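A short write-up of the structure that comes next.
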Amino acid sequence: MQSAQPSRLSAAARGSFATALGALVATIGSAVGLGNIWKFPYLVGNNGGAAFIILYLVCTLLVGLPVMIAEIMMGRKARANAIQTMRALSPSARQPWWLIGAAGALAAFLIMAFYTEVAGWVFAYVFKAISGAILSTDPQVTSQAFTDLVTSPFQSLLWQWIVLAVISLIIVNGVSKGIEATTKRLIPLLLVMLIIIAVRSLTLPGASQGLAFLFTPDFSKITGAAVLTAMGLAFFKLSIGMGTMITYGSYWKEDQNIPTGTARVMLADLSVSVLAGLAVFPAVFAFGFEPAAGPSLLFITIPSVFASMPFGGVFMTLFFILTAFAATGAMLSLLEVPIAYMNERFAISRVKATLITTGLLAVVGAPAALSSSTLSGVKLFGMNFFDLYDFASSNLLLPIGGLFIAIFVGWFWGRKNVFEALTNSGVLKNEGVVRAFWVIVRFVTPVLVILVLLNGLGIIGG
Ligand code: PHE
């Protein structure tokens with residue numbers, strides 16, 4: 001192995017998660033986010049319910065999990081940020097694998113740009129839910145409230161900046177005292193609130209229609225674009241293909257079991273998505289609303305759905321608080337990618353790196369924030385900035401990043417390194433699992449990603 005590009009920070013000065021459990025919870029905190037509560041339900045609604053869930057599961061198992069294992073493994077091996085990890089593990093200095101890390105940093109910015117905006121709406125909705133402003137069974141009223149928010153340039157920017165300020169205040173405290181400590185508090189609370197709401201939704205009269213929608217597949221809606229969306233969601237959900245998991249892996253414990261740990265993260269994340277589906281769809285159907293409402297499902301339909309049930313205001317407040325918690329854990333991991341890089345490569349302090357990153361984000365994020373107001377007329381490739389950032393990151397940059405990560409691990413890094421890293425140098429007796437991983441990451445993952453990308457972009461197939 002070639003030595004790492006000299007880091008100006010000594011290894012001892014690097015942050016790390018304090019415990020294996022803390023590492024797991026923080027990683028779950030990265031995976032669980034708006035993807036589960038905002039994206040998953042509307043994508044399932046738009047793409048044929050259970051048929052889409054099945055595709056998503058296949059992508060998660062054959063693409064998502066292998067890439068997550070690869071990333072955590074590389075980060076832990078190199079103990080460096082995403083860019084320097086790729087440089088350090090590269091078999092030859094002439095192979096530009098660090099570009100994957102650099103593309104990942106770009107993806108992190110694009111995702112943060114629209115993510116902070118949606119998170120901003122969620123933060124705003126916590127207050128609207130408490131004040132009762134969106135407690136109306138009439139979708140016209142809730143729709144107007146949402147329109148008022150997104151078409152106001154001032155409010156859009158303000159809430160985005162509030163979000164940026166909140167996560168900055170957490171992340172400057174460091175990997176363990178900031179990220180780990182926060183996610184350890186938020187994730188259990190989030191789970192409890194989500195379970196309460198799912199139970200409430202499932203016990204409404206007429207809930208079974210929502211269950212049928214979630215669990216009866218309709219394959220007629222499945223197109224190449226839908227398959228690409230399912231794969232994009234699998235990448236987005238597990239925070240992979242862009243260096244977040246490399247960065248977090250670099251803070252994992254030396255004796256942690258990577259295949260089991262990552263599988264737990266995936267299962268936890270999947271459970272939250274299913275719980276979110278169970279919280280949303282039974283109630284949507286019980287009160288006679290439309291499930292396929294697109295991205296505004298969360299902000300227009302859901303408030304009306306809650307307003308239709310007894311004590312709806314309380315449940316709605318809980319729901320938006322738990323969504324804000326989920327978004328926070330994910331955003332911390334997105335911010336950590338550039339912060340760790342600046343901190344280690346250029347010895348810029350965490351506080352300064354946070355200020356620089358947030359400042360840049362306020363600039364890159366503004367077009368997304370203003371895409372329904374000041375910039376609503378500006379379209380690139382037929383999309384406004386918000387949709388473009390989302391499409392380019394989830395459906396292009398993450399799958400392409402993941403493809404190269406799988407190719408790097410399967411074909412360049414070497415079998416010996418992989419087996420050593422995943423068995424913890426032979427301590428874990430899990431050769432069978434590692435062998436399965438080795439075959440999948442070499443053959444199945446890259447081929448699937450290439451096929452889905454080409455087909456989804458209309459280059460091959462019908
Ligand atoms: N996994 C997060 C979610 O589902 C989003 C995310 C993507 C976070 C990429 C980090 C990196 O909301």
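By convention in this document, the chains of the structure tokens carry letters A, B, ... by their order, each chain's residues are numbered from 1, and ligands are numbered from 1 in the order they are shown.
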Counting only C-alpha atoms and all ligand atoms, which residues in chain A sit no more than 8 Å from ligand 1? For each one, give the nearest pair of atoms and the distance in Å, sorted by chain then residue number, as CSV.
residue,atom,partner,partner_atom_place_in_ligand_line,distance
A:Ser30,CA,ligand 1,8 (C),5.3
A:Ala31,CA,ligand 1,1 (N),3.7
A:Val32,CA,ligand 1,4 (O),5.1
A:Gly33,CA,ligand 1,12 (O),3.2
A:Leu34,CA,ligand 1,12 (O),3.9
A:Gly35,CA,ligand 1,4 (O),3.3
A:Asn36,CA,ligand 1,4 (O),5.6
A:Lys39,CA,ligand 1,4 (O),7.9
A:Ala108,CA,ligand 1,11 (C),6.6
A:Ile111,CA,ligand 1,7 (C),6.9
A:Phe235,CA,ligand 1,7 (C),7.3
A:Phe236,CA,ligand 1,7 (C),4.4
A:Lys237,CA,ligand 1,4 (O),3.8
A:Leu238,CA,ligand 1,1 (N),4.9
A:Ser239,CA,ligand 1,9 (C),3.5
A:Ile240,CA,ligand 1,9 (C),6.0
A:Gly241,CA,ligand 1,9 (C),7.9
A:Met242,CA,ligand 1,11 (C),7.1
A:Gly243,CA,ligand 1,11 (C),7.9
A:Thr244,CA,ligand 1,11 (C),5.6
A:Met245,CA,ligand 1,11 (C),7.9
A:Ala326,CA,ligand 1,12 (O),7.3
A:Ala327,CA,ligand 1,12 (O),6.2
A:Ala330,CA,ligand 1,8 (C),4.6
A:Met331,CA,ligand 1,8 (C),6.2
A:Ser333,CA,ligand 1,10 (C),5.6
A:Leu334,CA,ligand 1,10 (C),4.8
Contacts of Thr301 in chain A at 12 Å or less, counting only C-alpha atoms, minus same-chain residues fewer than 4 places along, as a PyMOL selection string?
chain A and resi 38+41-42+134-146+280-281+283-285+287-297+305-308+316
Can you write just those residues out, N, CA, C and O atoms, as a CSV table (one decimal), in the first residue's frame?
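Just written: again-v6.csv:
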chain,number,residue,atom,x,y,z
A,38,TRP,N,-39.7,11.6,3.9
A,38,TRP,CA,-40.1,12.5,2.8
A,38,TRP,C,-40.1,11.7,1.5
A,38,TRP,O,-41.1,11.6,0.8
A,41,PRO,N,-42.0,7.6,1.1
A,41,PRO,CA,-43.5,7.5,0.9
A,41,PRO,C,-43.9,8.0,-0.5
A,41,PRO,O,-44.7,7.4,-1.2
A,42,TYR,N,-43.4,9.2,-0.9
A,42,TYR,CA,-43.9,9.7,-2.2
A,42,TYR,C,-43.4,8.9,-3.4
A,42,TYR,O,-44.1,8.8,-4.4
A,134,ILE,N,-51.5,24.9,10.4
A,134,ILE,CA,-51.7,23.9,9.3
A,134,ILE,C,-52.7,22.8,9.6
A,134,ILE,O,-52.8,21.8,9.0
A,135,LEU,N,-53.4,23.1,10.8
A,135,LEU,CA,-54.4,22.0,11.2
A,135,LEU,C,-55.7,22.2,10.5
A,135,LEU,O,-56.7,22.7,11.1
A,136,SER,N,-55.7,21.8,9.2
A,136,SER,CA,-57.0,21.9,8.5
A,136,SER,C,-57.2,20.6,7.7
A,136,SER,O,-56.3,20.1,7.1
A,137,THR,N,-58.5,20.1,7.7
A,137,THR,CA,-58.8,18.9,6.9
A,137,THR,C,-59.0,19.3,5.4
A,137,THR,O,-59.1,18.4,4.6
A,138,ASP,N,-58.9,20.5,5.1
A,138,ASP,CA,-59.1,21.0,3.7
A,138,ASP,C,-57.8,21.1,3.1
A,138,ASP,O,-57.0,22.0,3.4
A,139,PRO,N,-57.4,20.2,2.1
A,139,PRO,CA,-56.1,20.3,1.4
A,139,PRO,C,-55.9,21.6,0.8
A,139,PRO,O,-54.7,22.0,0.6
A,140,GLN,N,-57.0,22.3,0.4
A,140,GLN,CA,-56.8,23.7,-0.2
A,140,GLN,C,-56.0,24.6,0.8
A,140,GLN,O,-55.2,25.3,0.4
A,141,VAL,N,-56.4,24.5,2.1
A,141,VAL,CA,-55.9,25.3,3.1
A,141,VAL,C,-54.4,24.9,3.3
A,141,VAL,O,-53.5,25.8,3.4
A,142,THR,N,-54.1,23.6,3.5
A,142,THR,CA,-52.7,23.2,3.7
A,142,THR,C,-51.9,23.5,2.5
A,142,THR,O,-50.7,23.8,2.6
A,143,SER,N,-52.5,23.4,1.3
A,143,SER,CA,-51.7,23.6,0.1
A,143,SER,C,-51.3,25.1,0.1
A,143,SER,O,-50.2,25.4,-0.3
A,144,GLN,N,-52.2,25.9,0.4
A,144,GLN,CA,-52.0,27.4,0.4
A,144,GLN,C,-50.8,27.7,1.4
A,144,GLN,O,-49.9,28.5,1.1
A,145,ALA,N,-50.9,27.0,2.6
A,145,ALA,CA,-49.8,27.3,3.6
A,145,ALA,C,-48.5,26.9,3.1
A,145,ALA,O,-47.5,27.6,3.3
A,146,PHE,N,-48.4,25.8,2.4
A,146,PHE,CA,-47.1,25.3,1.8
A,146,PHE,C,-46.7,26.3,0.7
A,146,PHE,O,-45.5,26.7,0.7
A,280,VAL,N,-48.0,6.7,7.3
A,280,VAL,CA,-48.6,7.6,6.3
A,280,VAL,C,-49.8,7.0,5.6
A,280,VAL,O,-50.9,7.5,5.6
A,281,PHE,N,-49.5,5.8,4.9
A,281,PHE,CA,-50.6,5.4,4.0
A,281,PHE,C,-51.9,4.9,4.6
A,281,PHE,O,-52.9,5.3,4.0
A,283,ALA,N,-53.4,6.1,7.1
A,283,ALA,CA,-54.2,7.3,7.5
A,283,ALA,C,-54.6,8.0,6.2
A,283,ALA,O,-55.7,8.5,6.1
A,284,VAL,N,-53.7,8.1,5.2
A,284,VAL,CA,-54.1,8.8,4.0
A,284,VAL,C,-55.4,8.1,3.4
A,284,VAL,O,-56.3,8.8,3.0
A,285,PHE,N,-55.4,6.8,3.3
A,285,PHE,CA,-56.6,6.1,2.7
A,285,PHE,C,-57.8,6.2,3.7
A,285,PHE,O,-58.9,6.4,3.2
A,287,PHE,N,-58.8,8.5,5.5
A,287,PHE,CA,-59.5,9.8,5.4
A,287,PHE,C,-59.8,10.2,3.9
A,287,PHE,O,-60.2,11.3,3.6
A,288,GLY,N,-59.6,9.2,3.0
A,288,GLY,CA,-60.0,9.4,1.6
A,288,GLY,C,-59.1,10.4,0.8
A,288,GLY,O,-59.5,11.0,-0.1
A,289,PHE,N,-57.8,10.5,1.2
A,289,PHE,CA,-56.9,11.3,0.4
A,289,PHE,C,-56.2,10.5,-0.7
A,289,PHE,O,-56.3,9.3,-0.7
A,290,GLU,N,-55.5,11.2,-1.6
A,290,GLU,CA,-54.8,10.6,-2.7
A,290,GLU,C,-53.4,10.2,-2.3
A,290,GLU,O,-52.7,11.1,-1.8
A,291,PRO,N,-52.9,9.0,-2.6
A,291,PRO,CA,-51.6,8.6,-2.1
A,291,PRO,C,-50.5,9.2,-3.0
A,291,PRO,O,-49.4,9.6,-2.5
A,292,ALA,N,-50.7,9.2,-4.3
A,292,ALA,CA,-49.6,9.6,-5.2
A,292,ALA,C,-49.5,11.1,-5.4
A,292,ALA,O,-49.8,11.7,-6.4
A,293,ALA,N,-49.2,11.8,-4.3
A,293,ALA,CA,-49.2,13.3,-4.3
A,293,ALA,C,-47.9,13.9,-4.6
A,293,ALA,O,-47.8,15.1,-4.6
A,294,GLY,N,-46.8,13.1,-4.9
A,294,GLY,CA,-45.5,13.7,-5.2
A,294,GLY,C,-44.9,14.2,-4.0
A,294,GLY,O,-45.3,13.9,-2.8
A,295,PRO,N,-43.8,15.0,-4.2
A,295,PRO,CA,-43.0,15.5,-3.1
A,295,PRO,C,-43.7,16.3,-2.0
A,295,PRO,O,-43.3,16.4,-0.9
A,296,SER,N,-44.9,16.8,-2.4
A,296,SER,CA,-45.6,17.7,-1.4
A,296,SER,C,-46.5,16.8,-0.5
A,296,SER,O,-47.1,17.3,0.4
A,297,LEU,N,-46.5,15.5,-0.7
A,297,LEU,CA,-47.2,14.6,0.2
A,297,LEU,C,-47.0,14.9,1.6
A,297,LEU,O,-48.0,15.1,2.4
A,305,VAL,N,-54.3,15.0,6.7
A,305,VAL,CA,-54.6,13.7,7.3
A,305,VAL,C,-54.6,13.8,8.8
A,305,VAL,O,-55.5,13.3,9.5
A,306,PHE,N,-53.6,14.4,9.4
A,306,PHE,CA,-53.5,14.5,10.8
A,306,PHE,C,-54.7,15.3,11.4
A,306,PHE,O,-55.3,15.0,12.4
A,307,ALA,N,-55.1,16.4,10.6
A,307,ALA,CA,-56.2,17.2,11.1
A,307,ALA,C,-57.5,16.5,11.2
A,307,ALA,O,-58.4,16.8,11.9
A,308,SER,N,-57.5,15.4,10.4
A,308,SER,CA,-58.8,14.6,10.4
A,308,SER,C,-58.9,13.7,11.6
A,308,SER,O,-60.0,13.1,11.8
A,316,MET,N,-49.4,15.5,14.8
A,316,MET,CA,-48.7,16.2,13.7
A,316,MET,C,-47.4,16.8,14.2
A,316,MET,O,-46.4,16.8,13.6
If we count only C-alpha atoms, what is near Val418 in chain A at a cut-off of 10 Å, once residues fewer than 3 positions away on the same chain are taken out, given as a list in words?
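Listing them by chain and then by number gives Ala70, Met73, Met74, Lys77, Val409, Gly410, Trp413, Gly414, Arg415, Ala421, Leu422, Thr423, Asn424, Ser425, Val434, Arg435, Phe437 and Trp438 of chain A.
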Please provide the set of residues having any atom within 10 Å of Val122 in chain A, restricted to only C-alpha atoms, with same-chain residues fewer than 5 positions apart removed, written as a list in words.
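The neighbour list is Leu34, Trp38, Thr116, Glu117, Phe127, Lys128, Trp159, Val163, Leu298, Phe299, Phe319, Phe320, Ile321, Leu322, Thr323, Ala324, Phe325 and Ala327 of chain A.
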With distances taken over only C-alpha atoms, the candidate from A:Tyr389, A:Ala26, A:Gln95, A:Arg442 nearest Lys177 in chain A is A:Ala26
List the neighbours of Phe391 in chain A out to 10 Å using only C-alpha atoms; skip same-chain residues closer than 5 positions along the sequence, and give me the result as a ChimeraX atom specification.
/A:110-111,229,232,383,385-386,396-397
Output N, CA and C atoms for every residue in that selection, as a tab-separated table (two decimals), in the first residue's frame.
chain	number	residue	atom	x	y	z
A	110	LEU	N	-24.24	19.23	-3.45
A	110	LEU	CA	-25.52	19.26	-4.17
A	110	LEU	C	-26.64	18.73	-3.28
A	111	ILE	N	-26.36	17.63	-2.57
A	111	ILE	CA	-27.41	17.06	-1.72
A	111	ILE	C	-27.77	18.05	-0.60
A	229	THR	N	-34.85	5.18	-10.37
A	229	THR	CA	-35.26	5.90	-9.15
A	229	THR	C	-35.10	5.00	-7.92
A	232	GLY	N	-31.46	4.84	-7.22
A	232	GLY	CA	-31.03	6.12	-6.68
A	232	GLY	C	-31.43	6.25	-5.23
A	383	MET	N	-35.63	21.05	-15.59
A	383	MET	CA	-35.86	20.97	-14.13
A	383	MET	C	-35.47	22.29	-13.48
A	385	PHE	N	-33.76	24.26	-10.10
A	385	PHE	CA	-32.52	23.92	-9.40
A	385	PHE	C	-32.73	22.81	-8.37
A	386	PHE	N	-33.86	22.93	-7.65
A	386	PHE	CA	-34.15	21.96	-6.60
A	386	PHE	C	-34.19	20.54	-7.17
A	396	LEU	N	-27.51	10.15	-10.53
A	396	LEU	CA	-26.28	10.07	-11.33
A	396	LEU	C	-25.02	9.97	-10.48
A	397	LEU	N	-24.74	11.02	-9.68
A	397	LEU	CA	-23.45	11.05	-8.98
A	397	LEU	C	-23.29	9.89	-8.01
Do a neighbour search on Ile69 in chain A at 8 Å with only C-alpha atoms, toss out local chain neighbours closer than 3 positions, and write the hits as a PyMOL selection string.
chain A and resi 65-66+72-73+258-259+262
Please produce a file of the residues just selected, as a compact mmCIF listing (two decimals), in the first residue's frame, where the atoms kept are N, CA, C and O atoms.
# COMPACT_ATOMS: atom_id res chain seq x y z
N LEU A 65 -25.98 -2.46 0.19
CA LEU A 65 -25.21 -3.05 1.29
C LEU A 65 -23.75 -3.32 0.90
O LEU A 65 -22.84 -2.96 1.65
N PRO A 66 -23.49 -3.94 -0.28
CA PRO A 66 -22.08 -4.16 -0.65
C PRO A 66 -21.28 -2.86 -0.70
O PRO A 66 -20.13 -2.82 -0.23
N ILE A 72 -17.23 1.60 4.44
CA ILE A 72 -16.85 1.59 5.86
C ILE A 72 -15.48 0.92 6.01
O ILE A 72 -14.60 1.38 6.74
N MET A 73 -15.29 -0.16 5.25
CA MET A 73 -14.04 -0.91 5.31
C MET A 73 -12.85 -0.04 4.87
O MET A 73 -11.81 -0.01 5.54
N ILE A 258 -17.63 -5.37 10.60
CA ILE A 258 -18.19 -4.50 9.56
C ILE A 258 -19.40 -5.14 8.84
O ILE A 258 -20.43 -4.49 8.69
N PRO A 259 -19.29 -6.41 8.39
CA PRO A 259 -20.47 -6.96 7.70
C PRO A 259 -21.73 -6.96 8.59
O PRO A 259 -22.81 -6.54 8.14
N THR A 262 -22.88 -3.13 9.34
CA THR A 262 -23.53 -2.45 8.21
C THR A 262 -24.90 -3.08 7.94
O THR A 262 -25.84 -2.38 7.59
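Of the residues listed (A:Leu164, A:Ala212, A:Ala51, A:Ala340), A:Ala340 shows the shortest atom-to-atom separation from Thr85 in chain A; distances use only C-alpha atoms.
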Which residues, written as a PyMOL selection string, have at least one atom at most 10 Å from Arg200 in chain A, with only C-alpha atoms counted and residues fewer than 2 positions away on the same chain left out?
chain A and resi 194-198+202-204+207+278-279+282-283+309+315
